[in-house]
$ cat data-v1.json   # JSON, C-alpha atoms and all ligand atoms
[["chain", "number", "residue", "atom", "x", "y", "z"],
["M", 1, "MET", "CA", -39.62, -32.89, -23.50],
["M", 2, "ASP", "CA", -42.91, -31.10, -22.84],
["M", 3, "ALA", "CA", -45.50, -33.12, -20.98],
["M", 4, "ILE", "CA", -47.73, -35.15, -23.23],
["M", 5, "ARG", "CA", -51.46, -34.60, -23.69],
["M", 6, "GLY", "CA", -53.56, -37.65, -24.47],
["M", 7, "ARG", "CA", -57.26, -38.27, -24.67],
["M", 8, "PHE", "CA", -60.07, -40.75, -24.64],
["M", 9, "ALA", "CA", -62.78, -39.69, -27.07],
["M", 10, "PRO", "CA", -65.80, -41.97, -26.85],
["M", 11, "SER", "CA", -69.03, -41.54, -28.80],
["M", 12, "PRO", "CA", -71.95, -41.81, -26.37],
["M", 13, "THR", "CA", -73.91, -44.20, -28.57],
["M", 14, "GLY", "CA", -73.98, -47.17, -26.21],
["M", 15, "GLU", "CA", -72.77, -48.44, -22.86],
["M", 16, "LEU", "CA", -69.08, -48.65, -22.07],
["M", 17, "HIS", "CA", -68.06, -52.25, -22.73],
["M", 18, "LEU", "CA", -64.92, -54.25, -22.21],
["M", 19, "GLY", "CA", -63.57, -53.19, -25.64],
["M", 20, "SER", "CA", -63.92, -49.47, -24.93],
["M", 21, "ALA", "CA", -62.62, -49.92, -21.37],
["M", 22, "TRP", "CA", -59.53, -51.52, -22.94],
["M", 23, "THR", "CA", -58.86, -48.47, -25.13],
["M", 24, "ALA", "CA", -59.61, -46.10, -22.26],
["M", 25, "LEU", "CA", -57.22, -47.98, -19.95],
["M", 26, "LEU", "CA", -54.36, -48.01, -22.45],
["M", 27, "ALA", "CA", -54.80, -44.33, -23.37],
["M", 28, "TRP", "CA", -54.93, -43.46, -19.66],
["M", 29, "LEU", "CA", -51.83, -45.53, -18.85],
["M", 30, "GLN", "CA", -49.87, -43.92, -21.66],
["M", 31, "VAL", "CA", -50.63, -40.46, -20.28],
["M", 32, "ARG", "CA", -50.13, -41.32, -16.59],
["M", 33, "ALA", "CA", -46.87, -43.19, -17.26],
["M", 34, "ALA", "CA", -45.51, -40.04, -18.92],
["M", 35, "GLY", "CA", -46.84, -37.70, -16.23],
["M", 36, "GLY", "CA", -49.04, -36.02, -18.85],
["M", 37, "THR", "CA", -52.53, -34.55, -19.01],
["M", 38, "MET", "CA", -55.56, -36.74, -19.68],
["M", 39, "VAL", "CA", -58.45, -35.27, -21.61],
["M", 40, "LEU", "CA", -61.94, -36.77, -21.85],
["M", 41, "ARG", "CA", -63.75, -35.56, -24.93],
["M", 42, "ILE", "CA", -67.29, -36.68, -25.70],
["M", 43, "GLU", "CA", -67.79, -37.18, -29.43],
["M", 44, "ASP", "CA", -71.53, -36.56, -29.47],
["M", 45, "ILE", "CA", -71.45, -34.95, -32.86],
["M", 46, "ASP", "CA", -74.20, -37.10, -34.37],
["M", 47, "PRO", "CA", -77.49, -36.08, -32.71],
["M", 48, "GLU", "CA", -79.30, -39.10, -34.08],
["M", 49, "ARG", "CA", -77.03, -41.61, -32.37],
["M", 50, "SER", "CA", -75.73, -39.83, -29.26],
["M", 51, "ARG", "CA", -77.54, -39.92, -25.93],
["M", 52, "SER", "CA", -76.67, -37.84, -22.88],
["M", 53, "PHE", "CA", -77.45, -40.73, -20.53],
["M", 54, "TYR", "CA", -74.67, -42.71, -22.19],
["M", 55, "THR", "CA", -72.30, -39.82, -21.53],
["M", 56, "ALA", "CA", -73.22, -39.81, -17.84],
["M", 57, "ALA", "CA", -72.96, -43.61, -17.66],
["M", 58, "LEU", "CA", -69.58, -43.82, -19.34],
["M", 59, "MET", "CA", -68.13, -41.16, -17.07],
["M", 60, "ALA", "CA", -69.41, -43.07, -14.03],
["M", 61, "ASP", "CA", -67.96, -46.33, -15.43],
["M", 62, "MET", "CA", -64.56, -44.73, -16.00],
["M", 63, "GLN", "CA", -64.50, -43.33, -12.48],
["M", 64, "TRP", "CA", -65.48, -46.71, -11.11],
["M", 65, "LEU", "CA", -62.56, -48.27, -13.02],
["M", 66, "GLY", "CA", -60.18, -45.70, -11.53],
["M", 67, "LEU", "CA", -59.50, -43.97, -14.85],
["M", 68, "ASP", "CA", -59.60, -40.25, -14.11],
["M", 69, "TRP", "CA", -59.16, -37.23, -16.34],
["M", 70, "ASP", "CA", -57.71, -33.77, -15.84],
["M", 71, "GLU", "CA", -59.90, -32.00, -18.39],
["M", 72, "GLY", "CA", -63.38, -33.01, -19.45],
["M", 73, "PRO", "CA", -67.05, -32.06, -19.63],
["M", 74, "ASP", "CA", -67.48, -32.04, -15.84],
["M", 75, "THR", "CA", -64.07, -30.75, -14.75],
["M", 76, "GLY", "CA", -63.72, -28.14, -17.52],
["M", 77, "GLY", "CA", -60.26, -26.99, -18.55],
["M", 78, "PRO", "CA", -58.46, -24.54, -20.80],
["M", 79, "PHE", "CA", -59.97, -25.95, -24.00],
["M", 80, "ALA", "CA", -63.62, -26.22, -22.91],
["M", 81, "PRO", "CA", -66.21, -27.19, -23.97],
["M", 82, "TYR", "CA", -65.27, -30.89, -24.07],
["M", 83, "CYS", "CA", -68.39, -32.12, -25.87],
["M", 84, "GLN", "CA", -68.26, -31.96, -29.64],
["M", 85, "SER", "CA", -71.94, -30.99, -29.91],
["M", 86, "GLN", "CA", -70.90, -27.62, -28.42],
["M", 87, "ARG", "CA", -67.97, -27.11, -30.76],
["M", 88, "ARG", "CA", -69.69, -27.00, -34.15],
["M", 89, "HIS", "CA", -68.57, -23.41, -34.79],
["M", 90, "LEU", "CA", -64.95, -24.62, -34.78],
["M", 91, "PHE", "CA", -65.70, -27.33, -37.35],
["M", 92, "GLU", "CA", -67.54, -24.78, -39.48],
["M", 93, "GLU", "CA", -64.57, -22.38, -39.30],
["M", 94, "ALA", "CA", -62.25, -25.15, -40.48],
["M", 95, "LEU", "CA", -64.64, -25.88, -43.35],
["M", 96, "GLN", "CA", -64.69, -22.22, -44.31],
["M", 97, "TYR", "CA", -60.91, -22.25, -44.41],
["M", 98, "LEU", "CA", -60.89, -25.31, -46.68],
["M", 99, "ALA", "CA", -63.64, -23.82, -48.85],
["M", 100, "GLU", "CA", -61.73, -20.57, -49.31],
["M", 101, "ALA", "CA", -58.73, -22.60, -50.43],
["M", 102, "GLY", "CA", -60.98, -24.31, -53.02],
["M", 103, "LEU", "CA", -60.52, -27.70, -51.38],
["M", 104, "VAL", "CA", -64.14, -28.74, -50.83],
["M", 105, "TYR", "CA", -67.13, -29.08, -53.12],
["M", 106, "PRO", "CA", -70.82, -29.86, -52.68],
["M", 107, "CYS", "CA", -71.89, -33.39, -53.53],
["M", 108, "TYR", "CA", -75.48, -34.03, -54.59],
["M", 109, "CYS", "CA", -75.19, -37.77, -55.09],
["M", 110, "THR", "CA", -77.96, -39.83, -53.57],
["M", 111, "ARG", "CA", -77.32, -43.10, -51.76],
["M", 112, "GLY", "CA", -78.51, -45.00, -54.82],
["M", 113, "GLU", "CA", -76.19, -43.08, -57.14],
["M", 114, "LEU", "CA", -73.26, -43.72, -54.80],
["M", 115, "ALA", "CA", -73.97, -47.43, -54.74],
["M", 116, "SER", "CA", -73.96, -47.64, -58.52],
["M", 117, "LEU", "CA", -70.93, -45.40, -59.02],
["M", 118, "ALA", "CA", -67.95, -47.18, -57.67],
["M", 119, "PRO", "CA", -66.46, -50.61, -57.20],
["M", 120, "HIS", "CA", -65.39, -51.57, -53.69],
["M", 121, "GLY", "CA", -62.06, -50.03, -52.68],
["M", 122, "THR", "CA", -59.16, -51.74, -51.02],
["M", 123, "GLU", "CA", -60.67, -51.37, -47.55],
["M", 124, "GLY", "CA", -64.09, -52.59, -48.56],
["M", 125, "GLU", "CA", -65.26, -48.98, -48.75],
["M", 126, "ARG", "CA", -66.37, -47.55, -52.06],
["M", 127, "PRO", "CA", -63.95, -44.80, -53.08],
["M", 128, "TYR", "CA", -65.93, -41.80, -54.30],
["M", 129, "PRO", "CA", -65.01, -41.26, -57.95],
["M", 130, "GLY", "CA", -65.51, -37.51, -57.89],
["M", 131, "LYS", "CA", -68.75, -37.34, -59.84],
["M", 132, "CYS", "CA", -69.78, -34.01, -58.29],
["M", 133, "ARG", "CA", -66.42, -32.28, -58.78],
["M", 134, "GLY", "CA", -67.60, -29.54, -61.10],
["M", 135, "ARG", "CA", -71.23, -30.72, -61.19],
["M", 136, "ASN", "CA", -73.69, -27.90, -61.59],
["M", 137, "ALA", "CA", -76.02, -27.33, -58.60],
["M", 138, "GLN", "CA", -78.88, -26.45, -60.99],
["M", 139, "GLU", "CA", -78.88, -29.99, -62.34],
["M", 140, "VAL", "CA", -80.01, -31.48, -59.06],
["M", 141, "GLY", "CA", -82.87, -29.22, -58.01],
["M", 142, "GLY", "CA", -83.31, -28.46, -54.33],
["M", 143, "ARG", "CA", -81.35, -31.41, -52.97],
["M", 144, "LYS", "CA", -79.17, -30.58, -49.91],
["M", 145, "PRO", "CA", -75.54, -31.35, -50.63],
["M", 146, "SER", "CA", -72.89, -32.96, -48.49],
["M", 147, "LEU", "CA", -69.40, -31.44, -48.68],
["M", 148, "ARG", "CA", -66.42, -33.44, -49.88],
["M", 149, "LEU", "CA", -62.71, -32.80, -49.65],
["M", 150, "ILE", "CA", -60.64, -32.90, -52.84],
["M", 151, "VAL", "CA", -58.13, -35.66, -52.21],
["M", 152, "PRO", "CA", -54.77, -35.48, -53.99],
["M", 153, "GLN", "CA", -53.26, -38.48, -55.82],
["M", 154, "GLU", "CA", -50.66, -39.27, -53.22],
["M", 155, "THR", "CA", -49.72, -41.93, -50.70],
["M", 156, "ILE", "CA", -49.69, -40.78, -47.10],
["M", 157, "ALA", "CA", -47.52, -42.74, -44.72],
["M", 158, "PHE", "CA", -46.92, -42.44, -40.99],
["M", 159, "ARG", "CA", -45.24, -44.45, -38.27],
["M", 160, "ASP", "CA", -47.72, -45.93, -35.85],
["M", 161, "GLY", "CA", -46.53, -46.60, -32.31],
["M", 162, "VAL", "CA", -47.90, -50.15, -32.36],
["M", 163, "LYS", "CA", -48.30, -51.10, -36.01],
["M", 164, "GLY", "CA", -45.16, -49.54, -37.48],
["M", 165, "VAL", "CA", -45.28, -47.79, -40.85],
["M", 166, "PHE", "CA", -48.74, -47.55, -42.40],
["M", 167, "ALA", "CA", -49.24, -46.12, -45.88],
["M", 168, "GLN", "CA", -52.41, -45.43, -47.83],
["M", 169, "ASP", "CA", -53.35, -43.99, -51.17],
["M", 170, "ILE", "CA", -56.44, -42.13, -49.96],
["M", 171, "ALA", "CA", -57.75, -41.45, -53.45],
["M", 172, "ALA", "CA", -57.84, -45.21, -54.10],
["M", 173, "ALA", "CA", -59.06, -46.21, -50.64],
["M", 174, "ALA", "CA", -61.70, -43.55, -49.97],
["M", 175, "GLY", "CA", -61.66, -40.97, -52.76],
["M", 176, "ASP", "CA", -62.91, -37.45, -52.04],
["M", 177, "PHE", "CA", -64.36, -38.01, -48.59],
["M", 178, "ILE", "CA", -67.22, -36.28, -46.79],
["M", 179, "VAL", "CA", -66.37, -33.52, -44.34],
["M", 180, "ARG", "CA", -69.98, -32.43, -43.72],
["M", 181, "ARG", "CA", -73.02, -34.60, -44.26],
["M", 182, "SER", "CA", -76.04, -33.39, -46.20],
["M", 183, "ASP", "CA", -77.95, -33.02, -42.91],
["M", 184, "GLY", "CA", -75.30, -30.53, -41.74],
["M", 185, "VAL", "CA", -73.54, -32.89, -39.28],
["M", 186, "HIS", "CA", -69.77, -32.55, -39.51],
["M", 187, "ALA", "CA", -67.91, -35.72, -40.31],
["M", 188, "TYR", "CA", -65.89, -37.51, -37.65],
["M", 189, "GLN", "CA", -62.69, -37.11, -39.74],
["M", 190, "LEU", "CA", -62.96, -33.34, -39.67],
["M", 191, "ALA", "CA", -64.20, -32.96, -36.09],
["M", 192, "VAL", "CA", -61.54, -35.23, -34.60],
["M", 193, "VAL", "CA", -58.73, -33.33, -36.34],
["M", 194, "VAL", "CA", -60.06, -29.90, -35.40],
["M", 195, "ASP", "CA", -60.54, -30.93, -31.77],
["M", 196, "ASP", "CA", -57.31, -32.86, -31.27],
["M", 197, "ALA", "CA", -55.45, -29.85, -32.64],
["M", 198, "ALA", "CA", -57.47, -27.28, -30.66],
["M", 199, "MET", "CA", -56.99, -29.29, -27.46],
["M", 200, "GLN", "CA", -53.25, -29.58, -28.18],
["M", 201, "ILE", "CA", -53.33, -33.36, -28.05],
["M", 202, "THR", "CA", -49.83, -34.73, -28.61],
["M", 203, "HIS", "CA", -50.60, -38.47, -28.36],
["M", 204, "VAL", "CA", -53.57, -40.34, -29.78],
["M", 205, "LEU", "CA", -53.96, -43.94, -28.64],
["M", 206, "ARG", "CA", -57.11, -45.63, -29.97],
["M", 207, "GLY", "CA", -58.45, -48.81, -31.52],
["M", 208, "GLU", "CA", -57.05, -50.36, -34.65],
["M", 209, "ASP", "CA", -60.41, -49.90, -36.39],
["M", 210, "LEU", "CA", -59.39, -46.26, -36.87],
["M", 211, "LEU", "CA", -55.98, -47.01, -38.38],
["M", 212, "ASP", "CA", -57.23, -46.56, -41.93],
["M", 213, "SER", "CA", -58.86, -43.22, -41.04],
["M", 214, "THR", "CA", -55.55, -41.80, -39.92],
["M", 215, "PRO", "CA", -54.11, -40.95, -43.37],
["M", 216, "ARG", "CA", -57.29, -38.93, -44.07],
["M", 217, "GLN", "CA", -56.79, -37.15, -40.79],
["M", 218, "ILE", "CA", -53.12, -36.49, -41.49],
["M", 219, "LEU", "CA", -54.14, -34.96, -44.83],
["M", 220, "LEU", "CA", -56.63, -32.69, -43.04],
["M", 221, "TYR", "CA", -53.96, -31.62, -40.53],
["M", 222, "ARG", "CA", -51.75, -30.64, -43.42],
["M", 223, "LEU", "CA", -54.45, -28.78, -45.36],
["M", 224, "LEU", "CA", -55.49, -26.89, -42.22],
["M", 225, "GLY", "CA", -51.87, -25.98, -41.44],
["M", 226, "LEU", "CA", -51.88, -28.03, -38.21],
["M", 227, "THR", "CA", -49.36, -30.45, -36.70],
["M", 228, "PRO", "CA", -50.57, -34.04, -36.28],
["M", 229, "PRO", "CA", -50.10, -35.87, -32.97],
["M", 230, "VAL", "CA", -48.23, -39.14, -32.54],
["M", 231, "PHE", "CA", -50.52, -42.12, -33.20],
["M", 232, "ALA", "CA", -50.74, -45.58, -31.65],
["M", 233, "HIS", "CA", -53.47, -47.98, -32.76],
["M", 234, "VAL", "CA", -54.02, -50.84, -30.35],
["M", 235, "PRO", "CA", -55.50, -54.19, -31.35],
["M", 236, "LEU", "CA", -59.21, -54.74, -30.92],
["M", 237, "LEU", "CA", -60.67, -57.19, -28.47],
["M", 238, "VAL", "CA", -62.40, -59.96, -30.35],
["M", 239, "ALA", "CA", -64.70, -62.79, -29.33],
["M", 240, "ALA", "CA", -63.48, -66.37, -29.65],
["M", 241, "ASP", "CA", -65.16, -66.55, -33.10],
["M", 242, "GLY", "CA", -62.97, -63.68, -34.29],
["M", 243, "HIS", "CA", -65.74, -61.10, -34.31],
["M", 244, "ARG", "CA", -65.15, -57.74, -32.75],
["M", 245, "LEU", "CA", -66.66, -57.21, -29.28],
["M", 246, "SER", "CA", -69.35, -54.72, -29.91],
["M", 247, "LYS", "CA", -71.61, -52.45, -27.96],
["M", 248, "ARG", "CA", -74.34, -54.90, -28.81],
["M", 249, "GLN", "CA", -72.70, -57.62, -26.73],
["M", 250, "ARG", "CA", -74.49, -56.55, -23.60],
["M", 251, "ASP", "CA", -72.99, -59.21, -21.36],
["M", 252, "LEU", "CA", -69.63, -57.49, -21.69],
["M", 253, "SER", "CA", -70.92, -54.01, -20.90],
["M", 254, "LEU", "CA", -69.47, -52.68, -17.66],
["M", 255, "ALA", "CA", -72.98, -52.31, -16.26],
["M", 256, "SER", "CA", -73.66, -55.97, -16.85],
["M", 257, "LEU", "CA", -70.25, -57.11, -15.57],
["M", 258, "ARG", "CA", -70.83, -55.04, -12.44],
["M", 259, "ALA", "CA", -74.27, -56.58, -12.00],
["M", 260, "HIS", "CA", -72.54, -59.97, -12.04],
["M", 261, "GLY", "CA", -70.21, -59.00, -9.24],
["M", 262, "ALA", "CA", -67.25, -57.63, -11.21],
["M", 263, "ARG", "CA", -64.81, -55.49, -9.26],
["M", 264, "PRO", "CA", -62.78, -52.77, -11.01],
["M", 265, "GLU", "CA", -59.45, -54.36, -10.05],
["M", 266, "ASN", "CA", -60.53, -57.66, -11.63],
["M", 267, "ILE", "CA", -61.42, -55.97, -14.91],
["M", 268, "ILE", "CA", -58.24, -53.87, -14.92],
["M", 269, "GLY", "CA", -56.07, -56.90, -14.01],
["M", 270, "TYR", "CA", -57.74, -58.95, -16.73],
["M", 271, "LEU", "CA", -57.20, -56.27, -19.40],
["M", 272, "ALA", "CA", -53.61, -55.73, -18.28],
["M", 273, "TRP", "CA", -52.94, -59.45, -18.55],
["M", 274, "LYS", "CA", -54.48, -59.48, -22.06],
["M", 275, "ALA", "CA", -52.36, -56.49, -23.04],
["M", 276, "GLY", "CA", -49.21, -58.31, -22.01],
["M", 277, "PHE", "CA", -48.37, -56.19, -18.94],
["M", 278, "LEU", "CA", -48.92, -59.07, -16.49],
["M", 279, "ASP", "CA", -47.62, -62.63, -16.96],
["M", 280, "VAL", "CA", -50.55, -64.12, -15.12],
["M", 281, "PHE", "CA", -53.96, -62.72, -14.31],
["M", 282, "SER", "CA", -54.04, -60.91, -11.02],
["M", 283, "PRO", "CA", -56.48, -58.27, -9.76],
["M", 284, "MET", "CA", -54.91, -54.85, -9.75],
["M", 285, "PRO", "CA", -56.02, -51.21, -9.41],
["M", 286, "ALA", "CA", -55.31, -49.11, -12.50],
["M", 287, "ALA", "CA", -52.93, -46.81, -10.61],
["M", 288, "ASP", "CA", -50.61, -49.76, -9.75],
["M", 289, "LEU", "CA", -50.21, -50.57, -13.45],
["M", 290, "VAL", "CA", -48.77, -47.23, -14.43],
["M", 291, "PRO", "CA", -45.12, -48.35, -14.10],
["M", 292, "GLU", "CA", -45.85, -51.41, -16.27],
["M", 293, "PHE", "CA", -47.00, -49.42, -19.30],
["M", 294, "ASP", "CA", -44.88, -49.87, -22.38],
["M", 295, "LEU", "CA", -46.27, -49.47, -25.90],
["M", 296, "ALA", "CA", -43.77, -52.04, -27.18],
["M", 297, "ARG", "CA", -45.26, -54.71, -24.89],
["M", 298, "ILE", "CA", -48.82, -54.39, -26.20],
["M", 299, "ALA", "CA", -49.99, -57.42, -28.16],
["M", 300, "LYS", "CA", -49.85, -56.74, -31.92],
["M", 301, "GLY", "CA", -52.63, -58.98, -33.17],
["M", 302, "PRO", "CA", -56.30, -59.20, -32.18],
["M", 303, "VAL", "CA", -56.77, -59.98, -28.50],
["M", 304, "ILE", "CA", -59.18, -62.86, -27.93],
["M", 305, "ILE", "CA", -61.68, -62.63, -25.12],
["M", 306, "GLY", "CA", -62.96, -66.08, -24.31],
["M", 307, "ASP", "CA", -64.34, -67.81, -21.24],
["M", 308, "ASP", "CA", -61.44, -66.39, -19.26],
["M", 309, "ALA", "CA", -63.40, -63.10, -19.16],
["M", 310, "ALA", "CA", -65.13, -64.69, -16.16],
["M", 311, "ALA", "CA", -62.07, -63.44, -14.25],
["M", 312, "CYS", "CA", -63.65, -59.98, -14.46],
["M", 313, "SER", "CA", -66.42, -61.21, -12.18],
["M", 314, "GLY", "CA", -64.01, -62.79, -9.76],
["M", 315, "ALA", "CA", -64.25, -66.40, -11.02],
["M", 316, "ASP", "CA", -61.15, -68.61, -10.86],
["M", 317, "ILE", "CA", -59.70, -69.15, -14.33],
["M", 401, "LIG", "N1", -65.31, -41.33, -31.11],
["M", 401, "LIG", "C1", -64.63, -42.41, -31.73],
["M", 401, "LIG", "C2", -65.22, -43.72, -31.29],
["M", 401, "LIG", "O1", -65.85, -43.79, -30.24],
["M", 401, "LIG", "C3", -63.15, -42.47, -31.40],
["M", 401, "LIG", "C4", -62.43, -41.37, -32.00],
["M", 401, "LIG", "C5", -60.92, -41.40, -31.82],
["M", 401, "LIG", "O2", -60.42, -41.94, -30.83],
["M", 401, "LIG", "O3", -60.29, -40.82, -32.69],
["M", 401, "LIG", "O4", -65.07, -44.69, -31.99]]

$ encode --input "data-v1.json" --output "structure tokens"
Amino acid sequence: MDAIRGRFAPSPTGELHLGSAWTALLAWLQVRAAGGTMVLRIEDIDPERSRSFYTAALMADMQWLGLDWDEGPDTGGPFAPYCQSQRRHLFEEALQYLAEAGLVYPCYCTRGELASLAPHGTEGERPYPGKCRGRNAQEVGGRKPSLRLIVPQETIAFRDGVKGVFAQDIAAAAGDFIVRRSDGVHAYQLAVVVDDAAMQITHVLRGEDLLDSTPRQILLYRLLGLTPPVFAHVPLLVAADGHRLSKRQRDLSLASLRAHGARPENIIGYLAWKAGFLDVFSPMPAADLVPEFDLARIAKGPVIIGDDAAACSGADI
């Protein structure tokens, strides 16, 4: 088998926190356990939300944790650049290709129109009912359109490395989805597919919150004539109240944990214990965990982070 290529693809919209360190660690372990190549790609595609100081901070946090990469914004590599903000021409080329195949159309709907158009879909999203398919641009004056992909009536299924088979009728769940926003920013769904394919990523390990995006991405791979990678969606870390740990929970940012005396081996040991790789909590450098990695051992449900997170700062638990 050829060596695998995996990646960690954070959006620099906040500080690295325990939840993103969890995904980074598992993606890194998967690659290192297989002797593969680790890619760090910065998904700074949205200029309104991305900040370069978050990019610098998250790279420093990853290095501090002992999670290195073989290709990335600082190290370079055969598929540079590794920041999406510098790869817009590739997303535009892919759009051109889809447009020439008649697979995208401009959408002039306003936010208000969208809200009144559709009932909530199965995933709580509002599936777009296709109002602008065939709508005449003259009708809407000078409004700048977004671009939507024409979604076929079809269920897309794939086998996830953690979750097993996952199937979705994209038309019912999302409808014709946006591939470029009206402000010209390319949509995550398009950019992630173009970049994972261009960077020859074979294995995508990421958070479960992106599981229901994956059928849309698999559709894009197919329409662009590309081969999808193998996917594994790991459970999210949640607070004791069941809510997802978010970037807003500052006390669990790595910067804050470090300020409270956390050592990298405590954080890594804690996350490895939560993943199911260690029977009891014990501090451990990331490199020592590589032989323990096994996708089948990763907890399937949400992983609860309670008071035991104090172990990250060296407290007895
Ligand atoms: N940039 C996305 C995020 O930070 C992750 C994309 C992915 O792993 O596919 O949520």

$ closest_atom_pairs --input "data-v1.json" --of "chain M" --to "ligand LIG 401 (chain M)" --cutoff "9 Å" --atoms "only C-alpha atoms and all ligand atoms" --output "JSON lines"
{"residue": "M:Arg7", "atom": "CA", "partner": "M:LIG401", "partner_atom": "O2", "distance": 7.8}
{"residue": "M:Phe8", "atom": "CA", "partner": "M:LIG401", "partner_atom": "O2", "distance": 6.3}
{"residue": "M:Ala9", "atom": "CA", "partner": "M:LIG401", "partner_atom": "O2", "distance": 5.0}
{"residue": "M:Pro10", "atom": "CA", "partner": "M:LIG401", "partner_atom": "O1", "distance": 3.8}
{"residue": "M:Ser11", "atom": "CA", "partner": "M:LIG401", "partner_atom": "O1", "distance": 4.2}
{"residue": "M:Pro12", "atom": "CA", "partner": "M:LIG401", "partner_atom": "O1", "distance": 7.5}
{"residue": "M:Thr13", "atom": "CA", "partner": "M:LIG401", "partner_atom": "O1", "distance": 8.2}
{"residue": "M:Ser20", "atom": "CA", "partner": "M:LIG401", "partner_atom": "O1", "distance": 8.0}
{"residue": "M:Thr23", "atom": "CA", "partner": "M:LIG401", "partner_atom": "O2", "distance": 8.8}
{"residue": "M:Arg41", "atom": "CA", "partner": "M:LIG401", "partner_atom": "N1", "distance": 8.6}
{"residue": "M:Ile42", "atom": "CA", "partner": "M:LIG401", "partner_atom": "N1", "distance": 7.4}
{"residue": "M:Glu43", "atom": "CA", "partner": "M:LIG401", "partner_atom": "N1", "distance": 5.1}
{"residue": "M:Asp44", "atom": "CA", "partner": "M:LIG401", "partner_atom": "N1", "distance": 8.0}
{"residue": "M:Tyr188", "atom": "CA", "partner": "M:LIG401", "partner_atom": "N1", "distance": 7.6}
{"residue": "M:Gln189", "atom": "CA", "partner": "M:LIG401", "partner_atom": "O3", "distance": 8.3}
{"residue": "M:Val192", "atom": "CA", "partner": "M:LIG401", "partner_atom": "O3", "distance": 6.0}
{"residue": "M:Val193", "atom": "CA", "partner": "M:LIG401", "partner_atom": "O3", "distance": 8.5}
{"residue": "M:Asp196", "atom": "CA", "partner": "M:LIG401", "partner_atom": "O3", "distance": 8.6}
{"residue": "M:Val204", "atom": "CA", "partner": "M:LIG401", "partner_atom": "O2", "distance": 7.1}
{"residue": "M:Leu205", "atom": "CA", "partner": "M:LIG401", "partner_atom": "O2", "distance": 7.1}
{"residue": "M:Arg206", "atom": "CA", "partner": "M:LIG401", "partner_atom": "O2", "distance": 5.0}
{"residue": "M:Gly207", "atom": "CA", "partner": "M:LIG401", "partner_atom": "O2", "distance": 7.2}
{"residue": "M:Asp209", "atom": "CA", "partner": "M:LIG401", "partner_atom": "O4", "distance": 8.3}
{"residue": "M:Leu210", "atom": "CA", "partner": "M:LIG401", "partner_atom": "O3", "distance": 6.9}
{"residue": "M:Ser213", "atom": "CA", "partner": "M:LIG401", "partner_atom": "O3", "distance": 8.8}
{"residue": "M:Thr214", "atom": "CA", "partner": "M:LIG401", "partner_atom": "O3", "distance": 8.7}

$ closest_residue --input "data-v1.json" --among "M:Trp64, M:Trp69, M:Trp273, M:Phe231" --to "Val165 (chain M)" --atoms "all atoms listed in the file"
M:Phe231

$ atom_distance --input "data-v1.json" --atom1 "CA of Ile218 (chain M)" --atom2 "CA of Arg88 (chain M)"
20.5 Å

$ closest_residue --input "data-v1.json" --among "M:Leu245, M:Cys132, M:Leu254, M:Ala198" --to "Pro229 (chain M)" --atoms "all atoms listed in the file"
M:Ala198

$ residues_around --input "data-v1.json" --residues "Gly134 (chain M)" --least-positions-apart "2" --cutoff "10 Å" --atoms "only C-alpha atoms" --output "PyMOL selection string"
chain M and resi 105-107+130-132+136-137

$ residues_around --input "data-v1.json" --residues "Arg159 (chain M)" --least-positions-apart "4" --cutoff "9 Å" --atoms "all atoms listed in the file" --output "list of chain:residue names"
M:Lys163, M:Gly164, M:Val165, M:Phe166, M:Ala167, M:Val230, M:Phe231, M:Ala232

$ atom_distance --input "data-v1.json" --atom1 "CA of Ile304 (chain M)" --atom2 "CA of Val238 (chain M)"
5.0 Å

$ residues_around --input "data-v1.json" --residues "Gly77 (chain M)" --least-positions-apart "6" --cutoff "12 Å" --atoms "all atoms listed in the file" --output "list in words"
Thr37, Met38, Val39, Leu40, Arg41, Trp69, Asp70, Glu71 and Met199 of chain M

$ write_last_selection --input "data-v1.json" --atoms "C-alpha atoms" --output "compact mmCIF listing (two decimals), in the frame of the given file"
# COMPACT_ATOMS: atom_id res chain seq x y z
CA THR M 37 -52.53 -34.55 -19.01
CA MET M 38 -55.56 -36.74 -19.68
CA VAL M 39 -58.45 -35.27 -21.61
CA LEU M 40 -61.94 -36.77 -21.85
CA ARG M 41 -63.75 -35.56 -24.93
CA TRP M 69 -59.16 -37.23 -16.34
CA ASP M 70 -57.71 -33.77 -15.84
CA GLU M 71 -59.90 -32.00 -18.39
CA MET M 199 -56.99 -29.29 -27.46

$ closest_residue --input "data-v1.json" --among "M:Ala310, M:Arg126, M:Val151, M:Lys144" --to "Arg222 (chain M)" --atoms "only C-alpha atoms"
M:Val151

$ atom_distance --input "data-v1.json" --atom1 "CA of Leu224 (chain M)" --atom2 "CA of Tyr97 (chain M)"
7.5 Å
